[in-house]
Protein chains: 2
Amino acid sequence: MNFEFHNPTQLVFGAGTLSRLGDVVSKHGKRALLVTGGGSVKRNGTFDRAIASLQAAGVSVVECSGIEPNPRISSVVRGAETARSEGCDVVIALGGGSTMDAAKVMAAAVFYQWDPWEMMAHGREKQGRPTRALPIVTVPTLAATGSEMNCGAVITNEETVEKSFVMADCLYPAVALVDPELTLSVPPEQTAFGVCDLITHVTESYFNGVDGTPLQDRFAEGVILTAMEWGPRAVADGDDLEARAQVQWASVVALNGWVQVGTDFTAPVHMIEHTLSAHHDVAHGAGLAVVNPAWMRFAAKARPARFAQFAQRVFGVPLKSADYLGCALEGVDRFEEFLRSIGCPIRLSQLGIGDAMLSRYARDTLRVAHDKEGLLPGRPPMNGEEIVEVLRSAL
Amino acid sequence: MNFEFHNPTQLVFGAGTLSRLGDVVSKHGKRALLVTGGGSVKRNGTFDRAIASLQAAGVSVVECSGIEPNPRISSVVRGAETARSEGCDVVIALGGGSTMDAAKVMAAAVFYQWDPWEMMAHGREKQGRPTRALPIVTVPTLAATGSEMNCGAVITNEETVEKSFVMADCLYPAVALVDPELTLSVPPEQTAFGVCDLITHVTESYFNGVDGTPLQDRFAEGVILTAMEWGPRAVADGDDLEARAQVQWASVVALNGWVQVGTDFTAPVHMIEHTLSAHHDVAHGAGLAVVNPAWMRFAAKARPARFAQFAQRVFGVPLKSADYLGCALEGVDRFEEFLRSIGCPIRLSQLGIGDAMLSRYARDTLRVAHDKEGLLPGRPPMNGEEIVEVLRSAL
């Protein structure tokens, strides 16, 4: 238990807080690069309300729209060039996780002397990490990635078909302005994918962190229980503002470091899913819903007591005759059933993915993320055949 | 669910981290006011190790020792005058909650234009709050108050026999350096009081916060369950470093805002206990162990379902035939029994307090903390007779 924690992001949370965007941003800059996604914020009026608030506060806006669902490094380069040429002094992300991740890397790329792709794949190394960025204000329109209040970003290189990530102190947003009203228009399917995404953030550190973190275990279980209580309500009735707020609050906490602190975790499920979505452009949360239970069944064999704890505390599965593995697998079944019940896919076939390229996915995953022995970091570390085995079990 | 959160304190946690004190402090100042308590840090060598680390990093030290267990405003004035006259540019607190609280207020008093006592009793108001402080580095030697990573401080005015508190953004320490090794020498009784203190921080917001905070509920329960699992081990074997680390980690999280965020809580149990310790100089955690269960039995009548949730989730008390109050009171009994089992007093008589001054305690409590109707804020708000009733039940 030796660790450091420092999350300097100011969180402003609550329905209606979008109206405070201008005031919030004006404390950090006067000319904003406003980064958005595919256009839904324009169709539903969020964009106009943001612009009005910024203008009222005297903040001028340069637009950078069209960030893809799996954001590309070429979009990052484009945004950074715009920010530089237009003299922006603050970056606003108005959108989902992809928009936020792209905006965060743009803010650092403005000062980065190398190709911005050099920042990526350095999640666990010092070299290549950016050290300076424009102040970032995140305004999430989806409850999912938690990117609004952390220092990470995931970007895809469309040329090399790689999806990789960066974590650096300068990527902590100055402010996360989290207004659950902005998520009211999210369709049920995307809402469910977000719930799966936030839960998977928590299960990664729960199952792939160091031993001896009882408090973090409780926090992780608390996030999952809350997401399982309120997620189905948000899926069933998108206008349920309380459910939207609880799910979004859970998504912030799921990856702002409060659950992961001190766990020194790895994220094999995310790494495998990143390969799938780099190849097939599937929704990240949907890919996780397929990969996570399949991976759990594999990993439970190596750590049955750990997975039994999950089954007991989250699903109330009783432990009978010290049959940890039986209890563990029952918990995974229940978890998978929960994901299915809210509308997530649980098989690769539902994502349109067959068995033709399983070895390629394994190879590509290991190319992006591997330890000194060439294995995918996790508990247990996995070789290519094991990745194939997990994916095959999810066909 | 509308709230803001911003805790900029950098946390450095782990056994042996005291050796990094000099490096940590030197990033914030070159001449430190080193605030300590009654001398235990000198007897056990912690002080010398701190000095050695500071000297190696080129930080000069001005000593301010002798902070009392319930720190006095006169000590704050003394320390601030020393910091000013000696030209200190950083304040280090090496000690328990009292030392940290005094040091934090000293750091602000250096710049404060009025009598430092004017800062206090402004916990919920804007006026009078300090806005600037010297950078603060906290090094707790006790797992209890959580003061190392929050913006609050409790100070006693020995002339008026008042104990009051301040919360202000400038009081967030720049760094909390938390080394569980420093708590190995804490005697069993003080260890138990610390466990009670940290649990009570969490129960205050759990029972006196707003409705509709399911995630915060889970976090609160997680802190309590962890403290109940590891606290007895730290009491039974003071040299159990893992137990010390888990208890101290729980004490940090119990009041760094992660559990309380968005709960907009009040702290009636603390307010009543502050009066007792202002009059009788009892250990804060010991006073809480007496007042909290007594208060819970009173408050459970107003919110039986909430207290039943506590009983069910923390103690596994079954809810039978929708008898929420019965379940609730069973939970309080178990909680009181836990406190007794680790060596906490559970009756006023054990603190040497009789029934002679109950009305005075109630009056003094209400003098320090009252709402517009003159009641002690909490759920439910309490009048003087009710405070007396609670204290009488704990005689």
# chains A, B, ... in the order shown; residues from 1 in each chain; ligands from 1
call {"tool": "closest_atom_pairs", "arguments": {"of": "chain A", "to": "chain B", "cutoff": "7 Å", "atoms": "only C-alpha atoms", "output": "tab-separated table"}}
result
residue	atom	partner	partner_atom	distance
A:Met1	CA	B:Gly14	CA	5.8
A:Asn2	CA	B:Gly14	CA	4.1
A:Phe3	CA	B:Phe13	CA	5.4
A:Glu4	CA	B:Val12	CA	4.6
A:Phe5	CA	B:Leu11	CA	4.9
A:His6	CA	B:Gln10	CA	4.6
A:Asn7	CA	B:Pro8	CA	6.6
A:Pro8	CA	B:Pro8	CA	4.7
A:Thr9	CA	B:His6	CA	6.5
A:Gln10	CA	B:His6	CA	4.6
A:Leu11	CA	B:Phe5	CA	4.9
A:Val12	CA	B:Glu4	CA	4.5
A:Phe13	CA	B:Phe3	CA	5.3
A:Gly14	CA	B:Asn2	CA	4.1
A:Ala15	CA	B:Asn2	CA	6.8
A:Pro214	CA	B:Thr226	CA	6.5
A:Leu215	CA	B:Thr226	CA	5.8
A:Arg218	CA	B:Gly222	CA	4.9
A:Phe219	CA	B:Phe219	CA	5.5
A:Gly222	CA	B:Arg218	CA	4.9
A:Val223	CA	B:Leu215	CA	6.4
A:Thr226	CA	B:Leu215	CA	5.8
call {"tool": "write_last_selection", "arguments": {"atoms": "C-alpha atoms", "output": "mmCIF file, in the first residue's frame"}}
result
data_model
loop_
_atom_site.group_PDB
_atom_site.id
_atom_site.type_symbol
_atom_site.label_atom_id
_atom_site.label_comp_id
_atom_site.auth_asym_id
_atom_site.auth_seq_id
_atom_site.Cartn_x
_atom_site.Cartn_y
_atom_site.Cartn_z
ATOM 1 C CA MET A 1 0.000 0.000 0.000
ATOM 2 C CA ASN A 2 2.352 2.743 -1.230
ATOM 3 C CA PHE A 3 0.799 5.161 -3.659
ATOM 4 C CA GLU A 4 0.187 8.760 -4.589
ATOM 5 C CA PHE A 5 -3.052 10.463 -5.497
ATOM 6 C CA HIS A 6 -3.686 13.895 -6.887
ATOM 7 C CA ASN A 7 -6.782 14.754 -8.881
ATOM 8 C CA PRO A 8 -6.920 18.542 -9.185
ATOM 9 C CA THR A 9 -10.045 18.664 -11.387
ATOM 10 C CA GLN A 10 -12.839 20.857 -10.072
ATOM 11 C CA LEU A 11 -16.168 19.049 -10.383
ATOM 12 C CA VAL A 12 -19.390 20.989 -10.966
ATOM 13 C CA PHE A 13 -22.250 18.493 -10.918
ATOM 14 C CA GLY A 14 -25.981 18.934 -11.322
ATOM 15 C CA ALA A 15 -28.970 19.347 -13.569
ATOM 16 C CA PRO A 214 -10.219 -3.790 1.151
ATOM 17 C CA LEU A 215 -11.489 -0.203 1.099
ATOM 18 C CA ARG A 218 -15.895 -1.777 -1.062
ATOM 19 C CA PHE A 219 -15.897 1.362 -3.184
ATOM 20 C CA GLY A 222 -20.578 0.358 -4.254
ATOM 21 C CA VAL A 223 -20.210 1.764 -7.750
ATOM 22 C CA THR A 226 -25.392 1.730 -7.649
#
call {"tool": "select_by_dssp", "arguments": {"residues": "region 175-273 of chain A", "states": "strand (DSSP E or B)", "output": "PyMOL selection string"}}
result
chain A and resi 175-178
call {"tool": "closest_residue", "arguments": {"among": "B:Thr99, B:Thr46, B:Gln350, B:Ser277", "to": "Gly66 (chain B)", "atoms": "only C-alpha atoms"}}
result
B:Thr99
call {"tool": "residues_around", "arguments": {"residues": "Val282 (chain A)", "least_positions_apart": "5", "cutoff": "12 Å", "atoms": "only C-alpha atoms", "output": "list in words"}}
result
Glu68, Pro69, Asn70, Gln190, Phe193, Glu273, His274, Thr275, Leu276, Ser277, Gly287, Leu288, Ala289, Val290, Pro345, Leu348, Ser349, Gln350, Leu351, Gly352 and Ile353 of chain A
call {"tool": "calpha_fit_and_write", "arguments": {"fixed": "chain B", "moving": "chain A", "output": "short mmCIF file (atom, residue, chain, number, x, y, z; two decimals) with C-alpha atoms, in the first residue's frame"}}
result
data_model
loop_
_atom_site.label_atom_id
_atom_site.label_comp_id
_atom_site.auth_asym_id
_atom_site.auth_seq_id
_atom_site.Cartn_x
_atom_site.Cartn_y
_atom_site.Cartn_z
CA MET A 1 -27.96 16.30 -6.49
CA ASN A 2 -26.29 19.64 -7.28
CA PHE A 3 -22.86 20.07 -5.81
CA GLU A 4 -19.25 21.00 -6.39
CA PHE A 5 -16.13 19.12 -5.43
CA HIS A 6 -12.53 20.18 -5.54
CA ASN A 7 -9.87 18.65 -3.33
CA PRO A 8 -6.49 19.77 -4.67
CA THR A 9 -4.40 18.09 -1.95
CA GLN A 10 -1.68 15.78 -3.23
CA LEU A 11 -1.68 12.54 -1.24
CA VAL A 12 1.55 10.61 -0.66
CA PHE A 13 0.65 7.42 1.19
CA GLY A 14 2.77 4.53 2.40
CA ALA A 15 5.07 3.07 4.99
CA GLY A 16 8.43 4.82 4.98
CA THR A 17 7.29 7.93 3.14
CA LEU A 18 8.42 10.17 6.03
CA SER A 19 11.87 10.00 4.43
CA ARG A 20 10.46 11.96 1.48
CA LEU A 21 9.31 14.88 3.66
CA GLY A 22 12.19 17.15 2.70
CA ASP A 23 11.70 16.62 -1.03
CA VAL A 24 7.98 17.18 -0.71
CA VAL A 25 8.27 20.35 1.40
CA SER A 26 11.07 21.89 -0.68
CA LYS A 27 8.69 22.15 -3.64
CA HIS A 28 6.57 24.57 -1.59
CA GLY A 29 8.97 26.51 0.62
CA LYS A 30 12.46 26.90 2.02
CA ARG A 31 11.74 27.89 5.62
CA ALA A 32 9.22 25.80 7.46
CA LEU A 33 7.22 26.34 10.61
CA LEU A 34 7.22 22.82 12.05
CA VAL A 35 4.19 22.40 14.31
CA THR A 36 4.13 19.55 16.83
CA GLY A 37 2.14 18.41 19.83
CA GLY A 38 3.02 17.26 23.29
CA GLY A 39 6.38 15.64 22.64
CA SER A 40 5.69 12.04 21.57
CA VAL A 41 7.22 12.68 18.15
CA LYS A 42 10.42 13.66 19.90
CA ARG A 43 10.44 10.67 22.21
CA ASN A 44 9.90 8.13 19.43
CA GLY A 45 12.38 9.58 16.94
CA THR A 46 9.88 10.81 14.34
CA PHE A 47 10.84 14.41 14.93
CA ASP A 48 14.54 13.77 14.34
CA ARG A 49 13.84 11.82 11.16
CA ALA A 50 11.68 14.67 9.89
CA ILE A 51 14.35 17.23 10.67
CA ALA A 52 17.01 15.14 8.94
CA SER A 53 14.92 14.82 5.80
CA LEU A 54 14.17 18.55 5.76
CA GLN A 55 17.79 19.53 6.30
CA ALA A 56 18.96 17.20 3.54
CA ALA A 57 16.57 18.99 1.20
CA GLY A 58 17.80 22.42 2.23
CA VAL A 59 14.69 23.39 4.19
CA SER A 60 15.35 25.37 7.38
CA VAL A 61 13.04 24.78 10.33
CA VAL A 62 11.42 26.99 12.97
CA GLU A 63 9.79 24.98 15.71
CA CYS A 64 6.34 25.50 17.18
CA SER A 65 5.76 22.76 19.73
CA GLY A 66 3.28 22.08 22.50
CA ILE A 67 -0.03 22.10 20.66
CA GLU A 68 -2.66 20.80 23.09
CA PRO A 69 -4.97 17.79 22.48
CA ASN A 70 -7.88 20.22 22.05
CA PRO A 71 -5.89 22.97 20.34
CA ARG A 72 -6.39 26.47 21.64
CA ILE A 73 -6.77 29.68 19.70
CA SER A 74 -3.96 31.15 21.81
CA SER A 75 -1.63 28.48 20.42
CA VAL A 76 -2.73 29.38 16.91
CA VAL A 77 -1.94 33.04 17.57
CA ARG A 78 1.46 32.11 18.97
CA GLY A 79 2.31 29.96 15.93
CA ALA A 80 1.17 32.55 13.41
CA GLU A 81 3.27 35.21 15.12
CA THR A 82 6.29 32.94 14.99
CA ALA A 83 5.73 32.19 11.31
CA ARG A 84 5.47 35.88 10.53
CA SER A 85 8.43 37.03 12.61
CA GLU A 86 10.64 34.20 11.35
CA GLY A 87 9.65 34.63 7.71
CA CYS A 88 8.36 31.09 7.22
CA ASP A 89 7.01 30.29 3.76
CA VAL A 90 5.54 26.85 4.46
CA VAL A 91 3.85 25.19 7.46
CA ILE A 92 4.37 21.53 8.38
CA ALA A 93 2.08 19.74 10.81
CA LEU A 94 3.69 16.69 12.40
CA GLY A 95 1.22 15.16 14.82
CA GLY A 96 -2.39 14.23 15.35
CA GLY A 97 -5.56 16.02 14.41
CA SER A 98 -5.06 18.78 16.94
CA THR A 99 -1.61 19.60 15.64
CA MET A 100 -2.81 19.54 12.04
CA ASP A 101 -5.84 21.71 12.76
CA ALA A 102 -3.79 24.28 14.66
CA ALA A 103 -1.15 24.35 11.90
CA LYS A 104 -3.75 24.86 9.19
CA VAL A 105 -5.31 27.81 10.99
CA MET A 106 -1.85 29.25 11.71
CA ALA A 107 -1.06 29.11 7.98
CA ALA A 108 -4.17 31.19 7.27
CA ALA A 109 -3.77 33.46 10.30
CA VAL A 110 -0.46 34.69 8.89
CA PHE A 111 -2.44 36.59 6.24
CA TYR A 112 -5.68 37.15 8.19
CA GLN A 113 -6.37 40.76 9.07
CA TRP A 114 -8.67 40.07 12.02
CA ASP A 115 -8.41 38.09 15.25
CA PRO A 116 -7.98 34.45 14.11
CA TRP A 117 -10.95 33.40 16.26
CA GLU A 118 -13.09 35.34 13.75
CA MET A 119 -12.39 32.54 11.25
CA MET A 120 -14.08 29.99 13.46
CA ALA A 121 -17.81 29.30 13.68
CA HIS A 122 -18.05 30.19 10.04
CA GLY A 123 -18.25 26.66 8.74
CA ARG A 124 -21.39 27.36 6.77
CA GLU A 125 -20.98 31.05 6.02
CA LYS A 126 -18.90 32.95 3.55
CA GLN A 127 -18.10 35.98 5.66
CA GLY A 128 -15.01 35.80 7.79
CA ARG A 129 -13.55 32.83 5.96
CA PRO A 130 -9.85 33.05 5.29
CA THR A 131 -8.95 33.25 1.60
CA ARG A 132 -5.19 32.82 1.68
CA ALA A 133 -2.74 30.64 3.60
CA LEU A 134 0.87 29.55 3.52
CA PRO A 135 1.26 26.15 1.81
CA ILE A 136 0.57 23.40 4.32
CA VAL A 137 2.13 19.93 4.47
CA THR A 138 0.46 17.52 6.88
CA VAL A 139 2.17 14.47 8.37
CA PRO A 140 -0.35 12.69 10.60
CA THR A 141 0.92 10.50 13.44
CA LEU A 142 -2.54 9.22 14.30
CA ALA A 143 -5.31 7.72 12.17
CA ALA A 144 -8.38 9.62 13.22
CA THR A 145 -9.45 13.09 12.17
CA GLY A 146 -8.79 13.04 8.44
CA SER A 147 -7.60 16.62 8.79
CA GLU A 148 -4.55 15.78 6.66
CA MET A 149 -6.53 15.90 3.41
CA ASN A 150 -9.39 18.29 3.98
CA CYS A 151 -10.06 22.00 4.39
CA GLY A 152 -11.44 21.94 7.92
CA ALA A 153 -10.04 22.68 11.36
CA VAL A 154 -11.47 22.60 14.89
CA ILE A 155 -10.13 25.04 17.49
CA THR A 156 -11.04 25.74 21.12
CA ASN A 157 -11.37 29.18 22.63
CA GLU A 158 -10.24 28.60 26.20
CA GLU A 159 -11.61 31.96 27.40
CA THR A 160 -15.16 31.48 26.17
CA VAL A 161 -15.07 27.66 26.54
CA GLU A 162 -16.14 27.28 22.93
CA LYS A 163 -14.98 24.71 20.43
CA SER A 164 -15.72 25.64 16.86
CA PHE A 165 -14.60 24.95 13.31
CA VAL A 166 -13.64 26.56 10.04
CA MET A 167 -13.79 25.23 6.49
CA ALA A 168 -12.11 27.18 3.68
CA ASP A 169 -10.49 26.33 0.36
CA CYS A 170 -7.17 27.86 1.37
CA LEU A 171 -6.90 25.32 4.21
CA TYR A 172 -6.52 22.34 1.89
CA PRO A 173 -2.99 21.11 2.51
CA ALA A 174 -0.72 21.24 -0.53
CA VAL A 175 0.48 17.76 0.39
CA ALA A 176 -0.67 15.10 2.83
CA LEU A 177 2.24 12.79 3.56
CA VAL A 178 0.67 9.79 5.26
CA ASP A 179 3.11 7.22 6.64
CA PRO A 180 1.35 4.46 8.61
CA GLU A 181 4.63 3.55 10.31
CA LEU A 182 4.26 6.73 12.35
CA THR A 183 1.14 5.29 13.97
CA LEU A 184 2.79 2.06 15.17
CA SER A 185 3.53 3.64 18.55
CA VAL A 186 -0.03 4.81 19.20
CA PRO A 187 -1.41 3.07 22.34
CA PRO A 188 -4.45 0.77 21.98
CA GLU A 189 -6.84 3.22 23.64
CA GLN A 190 -5.93 6.11 21.32
CA THR A 191 -6.06 3.73 18.35
CA ALA A 192 -9.60 2.77 19.29
CA PHE A 193 -10.61 6.41 19.72
CA GLY A 194 -9.26 7.09 16.23
CA VAL A 195 -11.31 4.26 14.78
CA CYS A 196 -14.40 5.69 16.48
CA ASP A 197 -13.59 9.18 15.20
CA LEU A 198 -13.24 8.07 11.59
CA ILE A 199 -16.44 6.02 11.72
CA THR A 200 -18.30 8.94 13.25
CA HIS A 201 -17.23 11.23 10.40
CA VAL A 202 -18.95 8.84 8.08
CA THR A 203 -22.07 8.30 10.17
CA GLU A 204 -22.63 12.06 10.44
CA SER A 205 -23.05 12.47 6.67
CA TYR A 206 -24.81 9.10 6.36
CA PHE A 207 -27.50 10.09 8.85
CA ASN A 208 -27.51 13.89 8.52
CA GLY A 209 -27.11 14.37 4.78
CA VAL A 210 -29.71 14.95 2.09
CA ASP A 211 -31.82 12.12 0.67
CA GLY A 212 -30.98 10.41 -2.60
CA THR A 213 -27.25 9.73 -2.32
CA PRO A 214 -27.06 5.97 -2.94
CA LEU A 215 -23.43 5.96 -4.08
CA GLN A 216 -22.28 7.99 -1.10
CA ASP A 217 -24.21 5.58 1.14
CA ARG A 218 -22.23 2.66 -0.30
CA PHE A 219 -18.94 4.49 0.16
CA ALA A 220 -19.83 5.34 3.76
CA GLU A 221 -20.72 1.73 4.49
CA GLY A 222 -17.45 0.66 2.84
CA VAL A 223 -15.41 2.89 5.12
CA ILE A 224 -17.23 1.62 8.21
CA LEU A 225 -16.91 -2.04 7.21
CA THR A 226 -13.21 -1.58 6.52
CA ALA A 227 -12.64 0.21 9.81
CA MET A 228 -14.53 -2.52 11.65
CA GLU A 229 -12.46 -5.22 9.94
CA TRP A 230 -9.03 -3.69 10.48
CA GLY A 231 -9.55 -1.46 13.53
CA PRO A 232 -9.66 -4.32 16.03
CA ARG A 233 -6.45 -5.75 14.56
CA ALA A 234 -4.65 -2.43 14.97
CA VAL A 235 -5.93 -2.19 18.56
CA ALA A 236 -4.95 -5.79 19.37
CA ASP A 237 -1.48 -5.60 17.81
CA GLY A 238 -0.09 -2.11 17.41
CA ASP A 239 2.82 -3.44 15.37
CA ASP A 240 0.54 -4.84 12.66
CA LEU A 241 1.60 -2.49 9.88
CA GLU A 242 -1.03 -3.72 7.44
CA ALA A 243 -3.79 -3.06 9.95
CA ARG A 244 -2.30 0.35 10.70
CA ALA A 245 -2.20 1.15 6.98
CA GLN A 246 -5.79 0.08 6.34
CA VAL A 247 -7.10 2.02 9.33
CA GLN A 248 -5.17 5.11 8.34
CA TRP A 249 -6.31 4.89 4.73
CA ALA A 250 -9.89 4.59 5.98
CA SER A 251 -9.38 7.65 8.19
CA VAL A 252 -8.12 9.72 5.24
CA VAL A 253 -11.05 8.75 3.05
CA ALA A 254 -13.58 9.17 5.86
CA LEU A 255 -13.25 12.94 5.72
CA ASN A 256 -11.48 13.96 2.50
CA GLY A 257 -14.80 14.58 0.83
CA TRP A 258 -15.16 11.37 -1.19
CA VAL A 259 -17.85 10.07 1.16
CA GLN A 260 -19.49 13.40 1.99
CA VAL A 261 -19.57 14.89 -1.53
CA GLY A 262 -23.04 16.10 -2.38
CA THR A 263 -24.54 15.15 0.99
CA ASP A 264 -24.64 18.73 2.34
CA PHE A 265 -24.43 17.20 5.79
CA THR A 266 -24.53 18.55 9.29
CA ALA A 267 -22.72 17.04 12.27
CA PRO A 268 -24.82 17.18 15.44
CA VAL A 269 -22.85 14.42 17.18
CA HIS A 270 -19.62 16.32 16.67
CA MET A 271 -21.22 19.53 17.88
CA ILE A 272 -22.42 17.94 21.12
CA GLU A 273 -19.08 16.20 21.66
CA HIS A 274 -17.19 19.44 21.08
CA THR A 275 -19.02 20.96 24.00
CA LEU A 276 -18.10 18.02 26.22
CA SER A 277 -14.42 18.17 25.31
CA ALA A 278 -14.36 21.96 25.59
CA HIS A 279 -15.54 21.58 29.19
CA HIS A 280 -13.76 18.41 30.21
CA ASP A 281 -10.80 18.01 27.82
CA VAL A 282 -11.79 14.43 27.04
CA ALA A 283 -10.33 12.74 23.95
CA HIS A 284 -12.54 13.64 20.98
CA GLY A 285 -12.89 10.03 19.79
CA ALA A 286 -13.83 8.88 23.28
CA GLY A 287 -16.50 11.55 23.55
CA LEU A 288 -17.90 10.54 20.17
CA ALA A 289 -18.11 6.89 21.26
CA VAL A 290 -20.42 7.94 24.06
CA VAL A 291 -22.53 10.50 22.20
CA ASN A 292 -22.97 8.79 18.81
CA PRO A 293 -24.91 5.65 19.83
CA ALA A 294 -27.04 7.70 22.22
CA TRP A 295 -27.82 10.18 19.44
CA MET A 296 -28.53 7.33 17.01
CA ARG A 297 -31.20 5.87 19.28
CA PHE A 298 -32.83 9.31 19.40
CA ALA A 299 -32.56 9.98 15.65
CA ALA A 300 -33.62 6.48 14.60
CA LYS A 301 -37.13 7.23 15.80
CA ALA A 302 -37.35 9.99 13.18
CA ARG A 303 -35.81 7.99 10.31
CA PRO A 304 -36.18 4.28 11.09
CA ALA A 305 -35.76 3.13 7.46
CA ARG A 306 -32.47 4.95 7.16
CA PHE A 307 -31.09 3.43 10.35
CA ALA A 308 -32.44 0.03 9.32
CA GLN A 309 -30.43 0.30 6.10
CA PHE A 310 -27.34 0.90 8.23
CA ALA A 311 -28.17 -2.07 10.44
CA GLN A 312 -28.78 -4.35 7.47
CA ARG A 313 -25.79 -3.39 5.35
CA VAL A 314 -23.17 -2.89 8.03
CA PHE A 315 -24.20 -5.50 10.59
CA GLY A 316 -26.34 -7.86 8.54
CA VAL A 317 -29.29 -7.35 10.87
CA PRO A 318 -32.35 -8.86 9.17
CA LEU A 319 -35.44 -6.73 8.68
CA LYS A 320 -38.39 -8.67 10.06
CA SER A 321 -42.04 -7.84 9.29
CA ALA A 322 -41.12 -4.31 8.17
CA ASP A 323 -40.09 -3.49 11.76
CA TYR A 324 -37.66 -0.76 10.69
CA LEU A 325 -37.23 0.72 14.15
CA GLY A 326 -36.52 -2.66 15.71
CA CYS A 327 -33.95 -3.39 13.03
CA ALA A 328 -32.47 0.09 13.42
CA LEU A 329 -32.08 -0.18 17.19
CA GLU A 330 -30.55 -3.63 16.88
CA GLY A 331 -27.97 -2.05 14.56
CA VAL A 332 -27.19 0.69 17.07
CA ASP A 333 -26.76 -1.92 19.80
CA ARG A 334 -24.29 -3.79 17.62
CA PHE A 335 -22.43 -0.61 16.80
CA GLU A 336 -22.16 0.33 20.45
CA GLU A 337 -20.97 -3.18 21.25
CA PHE A 338 -18.29 -2.86 18.56
CA LEU A 339 -17.05 0.39 20.11
CA ARG A 340 -17.01 -1.19 23.58
CA SER A 341 -15.16 -4.25 22.27
CA ILE A 342 -12.23 -2.20 20.97
CA GLY A 343 -11.92 -0.28 24.23
CA CYS A 344 -14.00 2.84 23.76
CA PRO A 345 -16.09 4.26 26.60
CA ILE A 346 -19.80 4.14 25.93
CA ARG A 347 -21.09 6.02 28.98
CA LEU A 348 -20.52 9.57 30.17
CA SER A 349 -19.62 8.20 33.60
CA GLN A 350 -16.59 6.52 32.01
CA LEU A 351 -15.47 9.99 30.96
CA GLY A 352 -15.98 11.29 34.48
CA ILE A 353 -18.99 13.32 33.39
CA GLY A 354 -22.11 13.35 35.55
CA ASP A 355 -25.56 14.89 35.20
CA ALA A 356 -24.80 18.20 36.91
CA MET A 357 -24.28 20.28 33.78
CA LEU A 358 -26.39 18.63 31.07
CA SER A 359 -28.41 21.82 30.49
CA ARG A 360 -25.21 23.82 30.24
CA TYR A 361 -23.83 21.44 27.60
CA ALA A 362 -27.03 21.78 25.61
CA ARG A 363 -26.98 25.57 25.86
CA ASP A 364 -23.31 25.81 24.90
CA THR A 365 -23.82 23.48 21.94
CA LEU A 366 -26.67 25.61 20.65
CA ARG A 367 -24.63 28.76 21.18
CA VAL A 368 -21.97 27.47 18.76
CA ALA A 369 -24.27 25.74 16.26
CA HIS A 370 -27.91 26.61 15.58
CA ASP A 371 -30.24 27.16 12.66
CA LYS A 372 -32.69 30.01 12.17
CA GLU A 373 -35.10 28.45 14.68
CA GLY A 374 -32.36 28.16 17.25
CA LEU A 375 -32.12 24.36 16.83
CA LEU A 376 -29.02 22.22 16.47
CA PRO A 377 -28.84 21.33 12.72
CA GLY A 378 -29.24 17.64 11.99
CA ARG A 379 -31.86 15.10 11.06
CA PRO A 380 -33.90 15.82 13.04
CA PRO A 381 -32.90 19.28 14.29
CA MET A 382 -32.69 19.22 18.09
CA ASN A 383 -33.71 21.65 20.79
CA GLY A 384 -31.96 21.94 24.13
CA GLU A 385 -34.26 19.48 25.88
CA GLU A 386 -33.56 16.86 23.26
CA ILE A 387 -29.82 17.33 23.63
CA VAL A 388 -30.23 16.86 27.37
CA GLU A 389 -32.37 13.76 26.74
CA VAL A 390 -29.66 12.22 24.52
CA LEU A 391 -26.92 12.97 27.04
CA ARG A 392 -29.02 11.69 29.92
CA SER A 393 -29.51 8.40 28.10
CA ALA A 394 -25.71 8.05 27.99
CA LEU A 395 -24.99 8.75 31.65
#
call {"tool": "select_by_dssp", "arguments": {"residues": "region 115-280 of chain B", "states": "helix (DSSP H, G or I)", "output": "PyMOL selection string"}}
result
chain B and resi 116-119+147-149+169-171+180-183+188-208+214-236+241-254+268-280
